[in-house]
file target17.cif (mmCIF, C-alpha atoms)
data_entry
#
loop_
_atom_site.label_atom_id
_atom_site.label_comp_id
_atom_site.auth_asym_id
_atom_site.auth_seq_id
_atom_site.Cartn_x
_atom_site.Cartn_y
_atom_site.Cartn_z
CA MET A 1224 49.33 -25.79 -46.53
CA ASP A 1225 51.17 -22.74 -47.82
CA ILE A 1226 54.70 -23.47 -46.58
CA LEU A 1227 54.58 -26.88 -48.27
CA LYS A 1228 53.20 -25.46 -51.52
CA GLU A 1229 55.95 -22.85 -51.61
CA ARG A 1230 58.55 -25.54 -51.02
CA ILE A 1231 57.13 -27.73 -53.82
CA LEU A 1232 57.24 -24.80 -56.25
CA LYS A 1233 60.75 -23.85 -55.12
CA ASP A 1234 62.43 -27.28 -54.86
CA GLY A 1235 60.14 -29.72 -56.69
CA LYS A 1236 61.09 -30.88 -60.16
CA CYS A 1237 58.70 -31.99 -62.80
CA LEU A 1238 59.80 -35.01 -64.85
CA PRO A 1239 58.20 -36.65 -67.90
CA GLY A 1240 55.46 -39.21 -67.15
CA GLY A 1241 53.64 -37.28 -64.45
CA ILE A 1242 56.50 -37.55 -61.98
CA LEU A 1243 57.04 -34.87 -59.34
CA LYS A 1244 60.53 -35.16 -57.91
CA VAL A 1245 60.68 -33.93 -54.33
CA ASP A 1246 63.64 -35.94 -53.12
CA SER A 1247 65.35 -32.90 -51.62
CA PHE A 1248 62.78 -32.62 -48.80
CA VAL A 1249 60.28 -35.53 -48.87
CA ASN A 1250 61.53 -38.95 -49.93
CA HIS A 1251 65.32 -39.11 -49.98
CA GLN A 1252 66.65 -36.08 -48.14
CA MET A 1253 64.06 -35.06 -45.55
CA ASP A 1254 63.46 -31.80 -43.74
CA PRO A 1255 62.36 -32.75 -40.21
CA ASN A 1256 61.19 -29.22 -39.45
CA LEU A 1257 58.81 -29.22 -42.42
CA LEU A 1258 57.74 -32.79 -41.55
CA LYS A 1259 56.79 -31.60 -38.07
CA LYS A 1260 54.61 -28.83 -39.53
CA GLU A 1261 53.02 -31.39 -41.86
CA ALA A 1262 52.38 -33.73 -38.93
CA ILE A 1263 50.68 -30.93 -36.99
CA GLU A 1264 48.49 -30.21 -40.01
CA PHE A 1265 47.49 -33.90 -40.28
CA ILE A 1266 46.60 -33.86 -36.59
CA ARG A 1267 44.49 -30.72 -37.06
CA LEU A 1268 42.68 -32.19 -40.08
CA PHE A 1269 41.82 -35.42 -38.23
CA SER A 1270 41.25 -33.80 -34.84
CA ASP A 1271 37.59 -34.88 -34.83
CA THR A 1272 38.51 -38.56 -35.04
CA LYS A 1273 39.65 -41.02 -32.41
CA ILE A 1274 42.84 -42.74 -33.55
CA THR A 1275 44.66 -45.64 -31.86
CA LYS A 1276 47.33 -46.45 -34.43
CA ILE A 1277 49.23 -44.84 -37.32
CA LEU A 1278 49.83 -47.05 -40.35
CA THR A 1279 52.14 -46.45 -43.28
CA ILE A 1280 54.17 -48.30 -45.94
CA GLU A 1281 57.94 -48.40 -46.12
CA ALA A 1282 59.98 -46.41 -46.89
CA SER A 1283 58.89 -42.83 -47.63
CA GLY A 1284 55.82 -42.96 -45.39
CA ILE A 1285 57.81 -43.73 -42.26
CA ALA A 1286 59.20 -40.26 -41.55
CA PRO A 1287 55.89 -38.32 -41.59
CA SER A 1288 54.12 -41.16 -39.75
CA ILE A 1289 56.61 -41.38 -36.92
CA ILE A 1290 56.31 -37.65 -36.23
CA VAL A 1291 52.51 -37.88 -36.18
CA GLY A 1292 52.88 -40.86 -33.83
CA LEU A 1293 55.33 -38.95 -31.65
CA LEU A 1294 53.03 -35.93 -31.32
CA LEU A 1295 49.95 -38.08 -30.62
CA ASP A 1296 51.87 -40.66 -28.52
CA LEU A 1297 50.52 -43.51 -30.65
CA PRO A 1298 52.21 -46.63 -32.02
CA VAL A 1299 53.20 -46.54 -35.68
CA VAL A 1300 53.26 -49.64 -37.88
CA PHE A 1301 54.85 -49.73 -41.31
CA ALA A 1302 53.73 -52.33 -43.83
CA LYS A 1303 56.69 -54.23 -45.22
CA LYS A 1304 57.37 -54.83 -48.89
CA LYS A 1305 59.34 -58.00 -48.16
CA THR A 1306 58.12 -60.69 -45.80
CA PRO A 1307 60.72 -61.07 -43.05
CA SER A 1308 61.86 -64.67 -42.41
CA THR A 1309 60.85 -64.10 -38.79
CA MET A 1310 57.20 -63.29 -39.61
CA ASP A 1311 54.82 -66.22 -39.69
CA ASN A 1312 51.35 -64.84 -39.13
CA MET A 1313 50.45 -61.87 -41.27
CA TYR A 1314 47.94 -59.95 -43.34
CA ARG A 1315 49.06 -59.71 -46.94
CA THR A 1316 47.81 -57.75 -49.92
CA LYS A 1317 48.95 -57.22 -53.50
CA ILE A 1318 49.61 -53.69 -54.75
CA HIS A 1319 50.11 -52.60 -58.34
CA SER A 1320 52.74 -49.95 -58.92
CA PHE A 1321 52.02 -47.81 -61.96
CA THR A 1322 55.43 -46.13 -61.76
CA LYS A 1323 57.30 -49.43 -61.79
CA GLN A 1324 54.68 -51.40 -63.78
CA ARG A 1325 54.76 -54.39 -61.48
CA ASP A 1326 52.86 -55.95 -58.59
CA TYR A 1327 54.30 -56.31 -55.12
CA ASN A 1328 53.00 -57.70 -51.83
CA VAL A 1329 52.95 -55.83 -48.55
CA VAL A 1330 52.52 -57.50 -45.18
CA ILE A 1331 51.63 -56.51 -41.63
CA ALA A 1332 52.05 -58.97 -38.74
CA LYS A 1333 48.64 -59.96 -37.37
CA GLU A 1334 49.60 -59.12 -33.80
CA TYR A 1335 49.96 -55.41 -34.66
CA LEU A 1336 46.50 -54.79 -36.12
CA SER A 1337 43.23 -55.80 -34.47
CA PRO A 1338 39.50 -55.06 -34.47
CA ASP A 1339 40.15 -52.66 -31.56
CA ASP A 1340 42.27 -50.40 -33.76
CA ARG A 1341 41.16 -47.12 -35.29
CA VAL A 1342 43.72 -46.49 -37.98
CA LEU A 1343 45.05 -43.32 -39.59
CA PHE A 1344 47.09 -44.11 -42.71
CA ILE A 1345 49.82 -41.59 -43.60
CA ASP A 1346 51.90 -41.59 -46.78
CA ASP A 1347 53.99 -39.17 -48.81
CA PHE A 1348 52.09 -39.41 -52.13
CA LEU A 1349 48.57 -40.12 -53.32
CA ALA A 1350 48.69 -40.95 -57.05
CA TYR A 1351 46.44 -43.75 -58.35
CA GLY A 1352 45.65 -44.86 -54.81
CA ASN A 1353 46.85 -48.42 -55.22
CA ALA A 1354 49.04 -48.56 -52.13
CA ALA A 1355 46.26 -46.95 -50.10
CA LYS A 1356 43.74 -49.49 -51.43
CA GLY A 1357 46.08 -52.24 -50.26
CA ILE A 1358 46.16 -50.77 -46.76
CA ALA A 1359 42.35 -50.52 -46.76
CA ASP A 1360 42.24 -54.21 -47.68
CA ILE A 1361 44.60 -55.11 -44.81
CA CYS A 1362 42.50 -53.07 -42.35
CA GLN A 1363 39.41 -54.93 -43.56
CA GLN A 1364 41.15 -58.30 -43.14
CA ALA A 1365 42.07 -57.30 -39.57
CA GLY A 1366 38.62 -55.92 -38.79
CA ALA A 1367 40.28 -52.60 -37.89
CA GLU A 1368 38.48 -49.33 -38.54
CA LEU A 1369 40.17 -47.04 -41.06
CA VAL A 1370 39.31 -43.52 -39.89
CA GLY A 1371 41.11 -41.76 -42.70
CA MET A 1372 44.12 -41.32 -44.94
CA GLY A 1373 46.48 -38.37 -45.01
CA PHE A 1374 48.91 -37.62 -47.82
CA ILE A 1375 51.61 -34.98 -48.05
CA ILE A 1376 51.15 -34.53 -51.81
CA GLU A 1377 48.16 -35.58 -53.92
CA LYS A 1378 48.49 -35.81 -57.69
CA ALA A 1379 44.86 -35.07 -58.51
CA PHE A 1380 45.26 -35.90 -62.20
CA GLN A 1381 45.90 -39.54 -61.29
CA HIS A 1382 42.52 -39.76 -59.52
CA GLY A 1383 43.44 -41.79 -56.44
CA ARG A 1384 41.06 -39.69 -54.34
CA GLU A 1385 38.02 -40.81 -56.36
CA VAL A 1386 39.05 -44.45 -55.94
CA LEU A 1387 39.38 -44.10 -52.17
CA GLU A 1388 36.32 -41.89 -51.62
CA ASN A 1389 34.22 -44.38 -53.62
CA MET A 1390 35.30 -46.95 -51.02
CA GLY A 1391 33.99 -44.62 -48.29
CA ILE A 1392 37.46 -43.58 -47.14
CA ARG A 1393 38.11 -40.06 -45.88
CA VAL A 1394 41.05 -38.47 -47.69
CA GLU A 1395 43.04 -35.38 -46.67
CA SER A 1396 46.04 -33.99 -48.54
CA LEU A 1397 48.39 -31.16 -47.59
CA ALA A 1398 49.10 -30.08 -51.16
CA ILE A 1399 47.22 -30.96 -54.34
CA VAL A 1400 48.94 -30.99 -57.73
CA ASP A 1401 46.35 -30.40 -60.45
CA SER A 1402 48.69 -30.80 -63.37
CA LEU A 1403 52.28 -31.42 -64.36
CA ASP A 1404 51.57 -30.83 -68.05
CA ASN A 1405 54.39 -29.29 -70.08
CA CYS A 1406 56.63 -29.80 -67.06
CA GLU A 1407 54.92 -27.03 -65.14
CA ILE A 1408 53.80 -27.68 -61.55
CA LYS A 1409 50.21 -26.42 -61.13
CA LEU A 1410 49.04 -26.52 -57.51
CA ARG A 1411 45.42 -26.10 -56.39
CA MET B 705 70.18 -47.29 -21.74
CA ASP B 706 68.10 -49.02 -19.07
CA ILE B 707 64.60 -48.39 -20.41
CA LEU B 708 65.64 -49.91 -23.76
CA LYS B 709 67.31 -52.91 -22.14
CA GLU B 710 64.20 -53.58 -20.05
CA ARG B 711 62.06 -53.38 -23.19
CA ILE B 712 64.33 -55.78 -25.08
CA LEU B 713 64.14 -58.30 -22.24
CA LYS B 714 60.36 -57.85 -21.93
CA ASP B 715 59.32 -57.76 -25.61
CA GLY B 716 62.31 -59.07 -27.59
CA LYS B 717 62.21 -62.60 -28.92
CA CYS B 718 65.23 -64.74 -29.60
CA LEU B 719 65.07 -66.83 -32.77
CA PRO B 720 67.47 -69.46 -34.12
CA GLY B 721 70.42 -68.15 -36.14
CA GLY B 722 71.34 -65.25 -33.87
CA ILE B 723 68.19 -63.31 -34.66
CA LEU B 724 66.71 -60.92 -32.10
CA LYS B 725 63.11 -60.14 -33.03
CA VAL B 726 62.11 -56.67 -31.81
CA ASP B 727 59.37 -55.93 -34.33
CA SER B 728 56.91 -54.87 -31.63
CA PHE B 729 58.82 -51.66 -30.90
CA VAL B 730 61.77 -51.18 -33.30
CA ASN B 731 61.38 -52.31 -36.89
CA HIS B 732 57.74 -53.03 -37.75
CA GLN B 733 55.59 -51.56 -35.00
CA MET B 734 57.43 -48.60 -33.51
CA ASP B 735 57.09 -46.83 -30.18
CA PRO B 736 57.69 -43.13 -30.89
CA ASN B 737 58.06 -42.32 -27.21
CA LEU B 738 60.90 -44.81 -26.79
CA LEU B 739 62.39 -43.63 -30.10
CA LYS B 740 62.48 -40.09 -28.74
CA LYS B 741 64.35 -41.24 -25.63
CA GLU B 742 66.76 -43.15 -27.87
CA ALA B 743 67.28 -40.05 -30.04
CA ILE B 744 68.06 -37.96 -26.96
CA GLU B 745 70.61 -40.56 -25.87
CA PHE B 746 72.27 -40.50 -29.32
CA ILE B 747 72.45 -36.72 -29.12
CA ARG B 748 74.02 -36.92 -25.64
CA LEU B 749 76.59 -39.52 -26.77
CA PHE B 750 77.64 -37.42 -29.77
CA SER B 751 77.30 -34.05 -28.05
CA ASP B 752 81.03 -33.35 -28.44
CA THR B 753 80.84 -33.58 -32.24
CA LYS B 754 79.71 -31.11 -34.85
CA ILE B 755 77.12 -32.73 -37.13
CA THR B 756 75.58 -31.28 -40.30
CA LYS B 757 73.62 -34.25 -41.60
CA ILE B 758 72.01 -37.49 -40.38
CA LEU B 759 72.38 -40.49 -42.68
CA THR B 760 70.56 -43.81 -42.52
CA ILE B 761 69.42 -46.72 -44.73
CA GLU B 762 65.82 -47.55 -45.52
CA ALA B 763 63.65 -48.75 -43.93
CA SER B 764 64.20 -49.42 -40.21
CA GLY B 765 66.77 -46.67 -39.76
CA ILE B 766 64.41 -43.92 -40.88
CA ALA B 767 62.32 -43.59 -37.71
CA PRO B 768 65.19 -43.13 -35.21
CA SER B 769 67.07 -40.90 -37.66
CA ILE B 770 64.19 -38.55 -38.32
CA ILE B 771 63.68 -37.96 -34.59
CA VAL B 772 67.38 -37.22 -34.12
CA GLY B 773 67.13 -34.86 -37.11
CA LEU B 774 64.02 -33.24 -35.68
CA LEU B 775 65.63 -32.61 -32.27
CA LEU B 776 68.88 -31.28 -33.83
CA ASP B 777 67.12 -29.47 -36.70
CA LEU B 778 69.30 -31.20 -39.27
CA PRO B 779 68.47 -32.73 -42.65
CA VAL B 780 68.18 -36.53 -42.77
CA VAL B 781 69.08 -38.58 -45.85
CA PHE B 782 68.17 -42.22 -46.23
CA ALA B 783 70.20 -44.40 -48.61
CA LYS B 784 67.91 -46.23 -51.03
CA LYS B 785 68.05 -49.94 -51.75
CA LYS B 786 66.57 -49.46 -55.21
CA THR B 787 67.80 -46.82 -57.63
CA PRO B 788 64.85 -44.55 -58.48
CA SER B 789 64.29 -44.00 -62.19
CA THR B 790 64.48 -40.27 -61.43
CA MET B 791 68.02 -40.45 -59.99
CA ASP B 792 70.86 -39.99 -62.45
CA ASN B 793 73.88 -38.88 -60.45
CA MET B 794 74.60 -40.94 -57.37
CA TYR B 795 77.06 -42.60 -55.04
CA ARG B 796 76.59 -46.35 -55.02
CA THR B 797 78.00 -49.14 -52.88
CA LYS B 798 77.46 -52.88 -52.59
CA ILE B 799 76.41 -54.35 -49.25
CA HIS B 800 76.40 -58.02 -48.30
CA SER B 801 73.46 -59.16 -46.18
CA PHE B 802 74.36 -62.12 -43.95
CA THR B 803 70.72 -62.59 -42.92
CA LYS B 804 69.51 -62.83 -46.50
CA GLN B 805 72.76 -64.23 -47.96
CA ARG B 806 72.78 -61.87 -50.90
CA ASP B 807 74.37 -58.63 -52.07
CA TYR B 808 72.43 -55.45 -52.68
CA ASN B 809 73.33 -51.94 -53.77
CA VAL B 810 72.44 -48.77 -51.92
CA VAL B 811 72.53 -45.32 -53.46
CA ILE B 812 72.57 -41.71 -52.32
CA ALA B 813 72.08 -38.86 -54.79
CA LYS B 814 75.30 -36.86 -55.14
CA GLU B 815 73.56 -33.56 -54.47
CA TYR B 816 72.71 -34.60 -50.89
CA LEU B 817 76.21 -35.44 -49.65
CA SER B 818 79.25 -33.20 -50.05
CA PRO B 819 82.74 -32.55 -48.62
CA ASP B 820 81.15 -29.91 -46.37
CA ASP B 821 79.08 -32.54 -44.55
CA ARG B 822 79.86 -33.96 -41.14
CA VAL B 823 77.75 -37.10 -41.00
CA LEU B 824 76.20 -39.04 -38.14
CA PHE B 825 74.93 -42.44 -39.31
CA ILE B 826 72.01 -43.90 -37.33
CA ASP B 827 70.56 -47.39 -37.71
CA ASP B 828 68.49 -49.87 -35.73
CA PHE B 829 70.98 -52.78 -35.64
CA LEU B 830 74.73 -53.30 -35.71
CA ALA B 831 75.44 -56.93 -36.56
CA TYR B 832 78.36 -57.73 -38.90
CA GLY B 833 78.68 -54.05 -39.83
CA ASN B 834 78.23 -54.54 -43.55
CA ALA B 835 75.55 -51.88 -44.07
CA ALA B 836 77.59 -49.45 -41.97
CA LYS B 837 80.73 -50.21 -44.03
CA GLY B 838 78.75 -49.37 -47.14
CA ILE B 839 77.78 -46.00 -45.70
CA ALA B 840 81.41 -45.33 -44.75
CA ASP B 841 82.34 -46.08 -48.37
CA ILE B 842 79.71 -43.64 -49.66
CA CYS B 843 80.91 -40.92 -47.27
CA GLN B 844 84.45 -41.48 -48.53
CA GLN B 845 83.30 -41.25 -52.16
CA ALA B 846 81.57 -37.95 -51.33
CA GLY B 847 84.52 -36.62 -49.33
CA ALA B 848 82.15 -36.16 -46.38
CA GLU B 849 83.43 -36.62 -42.85
CA LEU B 850 81.85 -39.47 -40.91
CA VAL B 851 81.84 -38.30 -37.29
CA GLY B 852 80.28 -41.47 -35.89
CA MET B 853 77.71 -44.21 -36.03
CA GLY B 854 74.89 -44.81 -33.56
CA PHE B 855 72.94 -48.05 -33.28
CA ILE B 856 69.91 -48.85 -31.17
CA ILE B 857 70.96 -52.48 -30.66
CA GLU B 858 74.42 -53.98 -31.16
CA LYS B 859 74.84 -57.74 -31.47
CA ALA B 860 78.37 -57.92 -30.07
CA PHE B 861 78.79 -61.58 -30.99
CA GLN B 862 78.66 -60.67 -34.69
CA HIS B 863 81.66 -58.31 -34.27
CA GLY B 864 80.55 -55.37 -36.43
CA ARG B 865 82.10 -52.97 -33.92
CA GLU B 866 85.61 -54.38 -34.47
CA VAL B 867 85.18 -54.01 -38.23
CA LEU B 868 84.12 -50.36 -37.92
CA GLU B 869 86.58 -49.36 -35.19
CA ASN B 870 89.41 -50.87 -37.27
CA MET B 871 88.36 -48.41 -39.97
CA GLY B 872 88.71 -45.58 -37.43
CA ILE B 873 84.96 -45.10 -37.03
CA ARG B 874 83.49 -44.11 -33.69
CA VAL B 875 80.66 -46.47 -32.67
CA GLU B 876 78.00 -45.94 -30.00
CA SER B 877 75.18 -48.37 -29.20
CA LEU B 878 72.25 -47.97 -26.84
CA ALA B 879 72.03 -51.64 -25.92
CA ILE B 880 74.59 -54.40 -26.46
CA VAL B 881 73.55 -58.03 -26.82
CA ASP B 882 76.45 -60.27 -25.77
CA SER B 883 74.78 -63.55 -26.60
CA LEU B 884 71.60 -65.13 -27.88
CA ASP B 885 72.85 -68.68 -27.18
CA ASN B 886 70.21 -71.23 -26.16
CA CYS B 887 67.59 -68.64 -27.06
CA GLU B 888 68.40 -66.54 -24.03
CA ILE B 889 68.95 -62.79 -24.44
CA LYS B 890 72.12 -61.79 -22.57
CA LEU B 891 72.62 -58.01 -22.43
CA ARG B 892 75.81 -56.29 -21.38
#

call {"tool": "encode", "arguments": {"input": "target17.cif", "output": "structure tokens"}}
result
Amino acid sequence: MDILKERILKDGKCLPGGILKVDSFVNHQMDPNLLKKEAIEFIRLFSDTKITKILTIEASGIAPSIIVGLLLDLPVVFAKKKTPSTMDNMYRTKIHSFTKQRDYNVVIAKEYLSPDDRVLFIDDFLAYGNAAKGIADICQQAGAELVGMGFIIEKAFQHGREVLENMGIRVESLAIVDSLDNCEIKLR
Amino acid sequence: MDILKERILKDGKCLPGGILKVDSFVNHQMDPNLLKKEAIEFIRLFSDTKITKILTIEASGIAPSIIVGLLLDLPVVFAKKKTPSTMDNMYRTKIHSFTKQRDYNVVIAKEYLSPDDRVLFIDDFLAYGNAAKGIADICQQAGAELVGMGFIIEKAFQHGREVLENMGIRVESLAIVDSLDNCEIKLR
């Protein structure tokens, strides 16, 4: 997606440790106009699938997901990183964060995911694929069908795609970063 | 906003401790179609103001904010509850959560809020007003003008509006809950 790639090269910042900082338009300040174009591209890429629900994880996945949900008129559910005191019946999975070097749980209330659901998962980044694996686990627990996963930016050198495709999951990304070596952003 | 009030009465659940559970359409599963109607109502309510930026706090404020931002073609910034390792120059404020009985910090990178900004803050709930006060503090630190605050649901019996209006902040809510006594939802 050219407009996104141009924006990454223009406004993205490469930091040590394989970090691509895009907080001026993706995950802190957000550009709704670009998000809408990204949502349209996700819809085009998955246009051959039947989807009943959009799933994401708080917080950075919410903005792109809600615009996909708005355009497709579908409910959007975000997995929570803290279990609300008001939630008593949930699917839970453990996710390992490489960036933060710790494990955390995410939960989705059982009433919002069922065997009738055909799920599209949307998130801002695909890195090692750990968060996405967690969502796949929750879909399996719920008996819901995971029709695919869409990411705004894929960091190919962290190999999350292989992990997910080996699980039989369809993966689509809007921009693929091949390398951040020597603090230079190399896009595919 | 009648369609919202009807939805709260139909799908909202009253829990002990003054909690209104609306996780089927506001803050876990979200209804993008209703969110769009809410965004249009926010825009109507603040139509006499000049706005340059939408501010919110992760996670439940992101969905309504991004749709307001999309319709007004304005950037949206969400305050973060954890300081990213990649952020080194930020406004920070401490917020007390009554629900969780603990304090937490929120941060906004300095580059995304400036004295040129005229800010509309959007969030899902107004309860005691503590999160909103924190945002007002950050706007003051940045020298940005806070033109108003819009909430999907206001719990009037927790008096956040008085707190904010005493600070000179304009407050608009789409639905006002007067009481949750005896587990009955009483809307204004």

call {"tool": "resolve_selection", "arguments": {"input": "target17.cif", "expression": "the PyMOL selection byres ((chain B) within 7 of (chain A))", "output": "number ranges by chain"}}
result
B: 732-737, 762-763, 766-767, 770, 773-774, 777, 779-782, 816

call {"tool": "write_last_selection", "arguments": {"input": "target17.cif", "atoms": "C-alpha atoms", "output": "CSV table (one decimal), in the coordinates of the input"}}
result
chain,number,residue,atom,x,y,z
B,732,HIS,CA,57.7,-53.0,-37.8
B,733,GLN,CA,55.6,-51.6,-35.0
B,734,MET,CA,57.4,-48.6,-33.5
B,735,ASP,CA,57.1,-46.8,-30.2
B,736,PRO,CA,57.7,-43.1,-30.9
B,737,ASN,CA,58.1,-42.3,-27.2
B,762,GLU,CA,65.8,-47.6,-45.5
B,763,ALA,CA,63.6,-48.8,-43.9
B,766,ILE,CA,64.4,-43.9,-40.9
B,767,ALA,CA,62.3,-43.6,-37.7
B,770,ILE,CA,64.2,-38.6,-38.3
B,773,GLY,CA,67.1,-34.9,-37.1
B,774,LEU,CA,64.0,-33.2,-35.7
B,777,ASP,CA,67.1,-29.5,-36.7
B,779,PRO,CA,68.5,-32.7,-42.6
B,780,VAL,CA,68.2,-36.5,-42.8
B,781,VAL,CA,69.1,-38.6,-45.8
B,782,PHE,CA,68.2,-42.2,-46.2
B,816,TYR,CA,72.7,-34.6,-50.9

call {"tool": "closest_residue", "arguments": {"input": "target17.cif", "among": "A:Ser1402, A:Thr1279, A:Ser1270, A:Gln1324", "to": "Gly1241 (chain A)", "atoms": "only C-alpha atoms"}}
result
A:Ser1402

call {"tool": "resolve_selection", "arguments": {"input": "target17.cif", "expression": "the PyMOL selection byres ((chain B and resi 871) around 12)", "output": "list in words"}}
result
Gly833, Ala836, Lys837, Ala840, Asp841, Gln844, Leu850, Gly852, Gly864, Arg865, Glu866, Val867, Leu868, Glu869, Asn870, Gly872, Ile873, Arg874 and Val875 of chain B

call {"tool": "closest_residue", "arguments": {"input": "target17.cif", "among": "A:His1382, A:His1319, A:Arg1341, A:Lys1305", "to": "Ile1274 (chain A)", "atoms": "all atoms listed in the file"}}
result
A:Arg1341

call {"tool": "closest_residue", "arguments": {"input": "target17.cif", "among": "B:Ser818, B:Gln862, B:Gln845, B:Asn809", "to": "Thr756 (chain B)", "atoms": "only C-alpha atoms"}}
result
B:Ser818

call {"tool": "atom_distance", "arguments": {"input": "target17.cif", "atom1": "CA of Leu1410 (chain A)", "atom2": "CA of Lys1228 (chain A)"}}
result
7.4 Å

call {"tool": "closest_residue", "arguments": {"input": "target17.cif", "among": "A:Phe1321, A:Phe1374, A:Phe1265, A:Tyr1327", "to": "Ile1399 (chain A)", "atoms": "all atoms listed in the file"}}
result
A:Phe1374

call {"tool": "atom_distance", "arguments": {"input": "target17.cif", "atom1": "CA of Gly1240 (chain A)", "atom2": "CA of Lys785 (chain B)"}}
result
22.6 Å

call {"tool": "closest_residue", "arguments": {"input": "target17.cif", "among": "A:Ala1367, A:Val1330, A:Ile1361, A:Ile1345", "to": "Ser1396 (chain A)", "atoms": "all atoms listed in the file"}}
result
A:Ile1345

call {"tool": "residues_around", "arguments": {"input": "target17.cif", "residues": "Pro1338 (chain A)", "least_positions_apart": "2", "cutoff": "7 Å", "atoms": "all atoms listed in the file", "output": "ChimeraX atom specification"}}
result
/A:1340,1365-1367

call {"tool": "residues_around", "arguments": {"input": "target17.cif", "residues": "Ala879 (chain B)", "least_positions_apart": "5", "cutoff": "9 Å", "atoms": "only C-alpha atoms", "output": "list in words"}}
result
Met705, Asp706, Leu708, Lys709, Ile712, Phe855, Ile856, Ile857, Glu858, Lys859, Leu891 and Arg892 of chain B

call {"tool": "atom_distance", "arguments": {"input": "target17.cif", "atom1": "CA of Gly716 (chain B)", "atom2": "CA of Cys1362 (chain A)"}}
result
25.4 Å

call {"tool": "resolve_selection", "arguments": {"input": "target17.cif", "expression": "the PyMOL selection byres ((chain B and resi 798) around 9)", "output": "MDAnalysis selection string"}}
result
chainID B and resid 796:797 799:800 807:810 835 838

call {"tool": "write_last_selection", "arguments": {"input": "target17.cif", "atoms": "C-alpha atoms", "output": "PDB file, keeping the file's coordinate frame"}}
result
ATOM      1  CA  ARG B 796      76.590 -46.350 -55.020  1.00  0.00           C
ATOM      2  CA  THR B 797      78.000 -49.140 -52.880  1.00  0.00           C
ATOM      3  CA  ILE B 799      76.410 -54.350 -49.250  1.00  0.00           C
ATOM      4  CA  HIS B 800      76.400 -58.020 -48.300  1.00  0.00           C
ATOM      5  CA  ASP B 807      74.370 -58.630 -52.070  1.00  0.00           C
ATOM      6  CA  TYR B 808      72.430 -55.450 -52.680  1.00  0.00           C
ATOM      7  CA  ASN B 809      73.330 -51.940 -53.770  1.00  0.00           C
ATOM      8  CA  VAL B 810      72.440 -48.770 -51.920  1.00  0.00           C
ATOM      9  CA  ALA B 835      75.550 -51.880 -44.070  1.00  0.00           C
ATOM     10  CA  GLY B 838      78.750 -49.370 -47.140  1.00  0.00           C
TER      11      GLY B 838
END

call {"tool": "decode", "arguments": {"input": "target17.cif", "residues": "region 1325-1338 of chain A", "atoms": "N, CA and C atoms", "output": "PDB file, in the first residue's frame"}}
result
ATOM      1  N   ARG A1325       7.943  -9.926  29.113  1.00  0.00           N
ATOM      2  CA  ARG A1325       7.084 -10.433  30.189  1.00  0.00           C
ATOM      3  C   ARG A1325       5.858 -11.079  29.562  1.00  0.00           C
ATOM      4  N   ASP A1326       5.172 -11.904  30.361  1.00  0.00           N
ATOM      5  CA  ASP A1326       3.923 -12.514  29.916  1.00  0.00           C
ATOM      6  C   ASP A1326       2.744 -11.692  30.427  1.00  0.00           C
ATOM      7  N   TYR A1327       1.681 -11.660  29.639  1.00  0.00           N
ATOM      8  CA  TYR A1327       0.453 -11.039  30.129  1.00  0.00           C
ATOM      9  C   TYR A1327      -0.724 -11.845  29.608  1.00  0.00           C
ATOM     10  N   ASN A1328      -1.846 -11.773  30.341  1.00  0.00           N
ATOM     11  CA  ASN A1328      -3.057 -12.464  29.915  1.00  0.00           C
ATOM     12  C   ASN A1328      -3.955 -11.516  29.141  1.00  0.00           C
ATOM     13  N   VAL A1329      -4.655 -12.038  28.141  1.00  0.00           N
ATOM     14  CA  VAL A1329      -5.752 -11.264  27.559  1.00  0.00           C
ATOM     15  C   VAL A1329      -7.031 -12.094  27.676  1.00  0.00           C
ATOM     16  N   VAL A1330      -8.146 -11.377  27.789  1.00  0.00           N
ATOM     17  CA  VAL A1330      -9.435 -12.050  27.986  1.00  0.00           C
ATOM     18  C   VAL A1330     -10.483 -11.497  27.024  1.00  0.00           C
ATOM     19  N   ILE A1331     -11.400 -12.375  26.655  1.00  0.00           N
ATOM     20  CA  ILE A1331     -12.598 -11.972  25.905  1.00  0.00           C
ATOM     21  C   ILE A1331     -13.790 -12.653  26.586  1.00  0.00           C
ATOM     22  N   ALA A1332     -14.831 -11.880  26.887  1.00  0.00           N
ATOM     23  CA  ALA A1332     -16.026 -12.446  27.520  1.00  0.00           C
ATOM     24  C   ALA A1332     -16.641 -13.502  26.599  1.00  0.00           C
ATOM     25  N   LYS A1333     -17.050 -14.614  27.196  1.00  0.00           N
ATOM     26  CA  LYS A1333     -17.556 -15.736  26.385  1.00  0.00           C
ATOM     27  C   LYS A1333     -18.769 -15.358  25.546  1.00  0.00           C
ATOM     28  N   GLU A1334     -19.583 -14.421  26.060  1.00  0.00           N
ATOM     29  CA  GLU A1334     -20.807 -14.098  25.322  1.00  0.00           C
ATOM     30  C   GLU A1334     -20.532 -13.377  23.998  1.00  0.00           C
ATOM     31  N   TYR A1335     -19.288 -12.886  23.784  1.00  0.00           N
ATOM     32  CA  TYR A1335     -19.032 -12.127  22.561  1.00  0.00           C
ATOM     33  C   TYR A1335     -18.238 -12.899  21.511  1.00  0.00           C
ATOM     34  N   LEU A1336     -18.098 -14.210  21.698  1.00  0.00           N
ATOM     35  CA  LEU A1336     -17.419 -15.023  20.690  1.00  0.00           C
ATOM     36  C   LEU A1336     -18.013 -16.421  20.741  1.00  0.00           C
ATOM     37  N   SER A1337     -18.491 -16.898  19.590  1.00  0.00           N
ATOM     38  CA  SER A1337     -19.221 -18.171  19.586  1.00  0.00           C
ATOM     39  C   SER A1337     -18.857 -18.983  18.347  1.00  0.00           C
ATOM     40  N   PRO A1338     -19.257 -20.247  18.316  1.00  0.00           N
ATOM     41  CA  PRO A1338     -18.977 -21.084  17.141  1.00  0.00           C
ATOM     42  C   PRO A1338     -19.615 -20.560  15.855  1.00  0.00           C
TER      43      PRO A1338
END
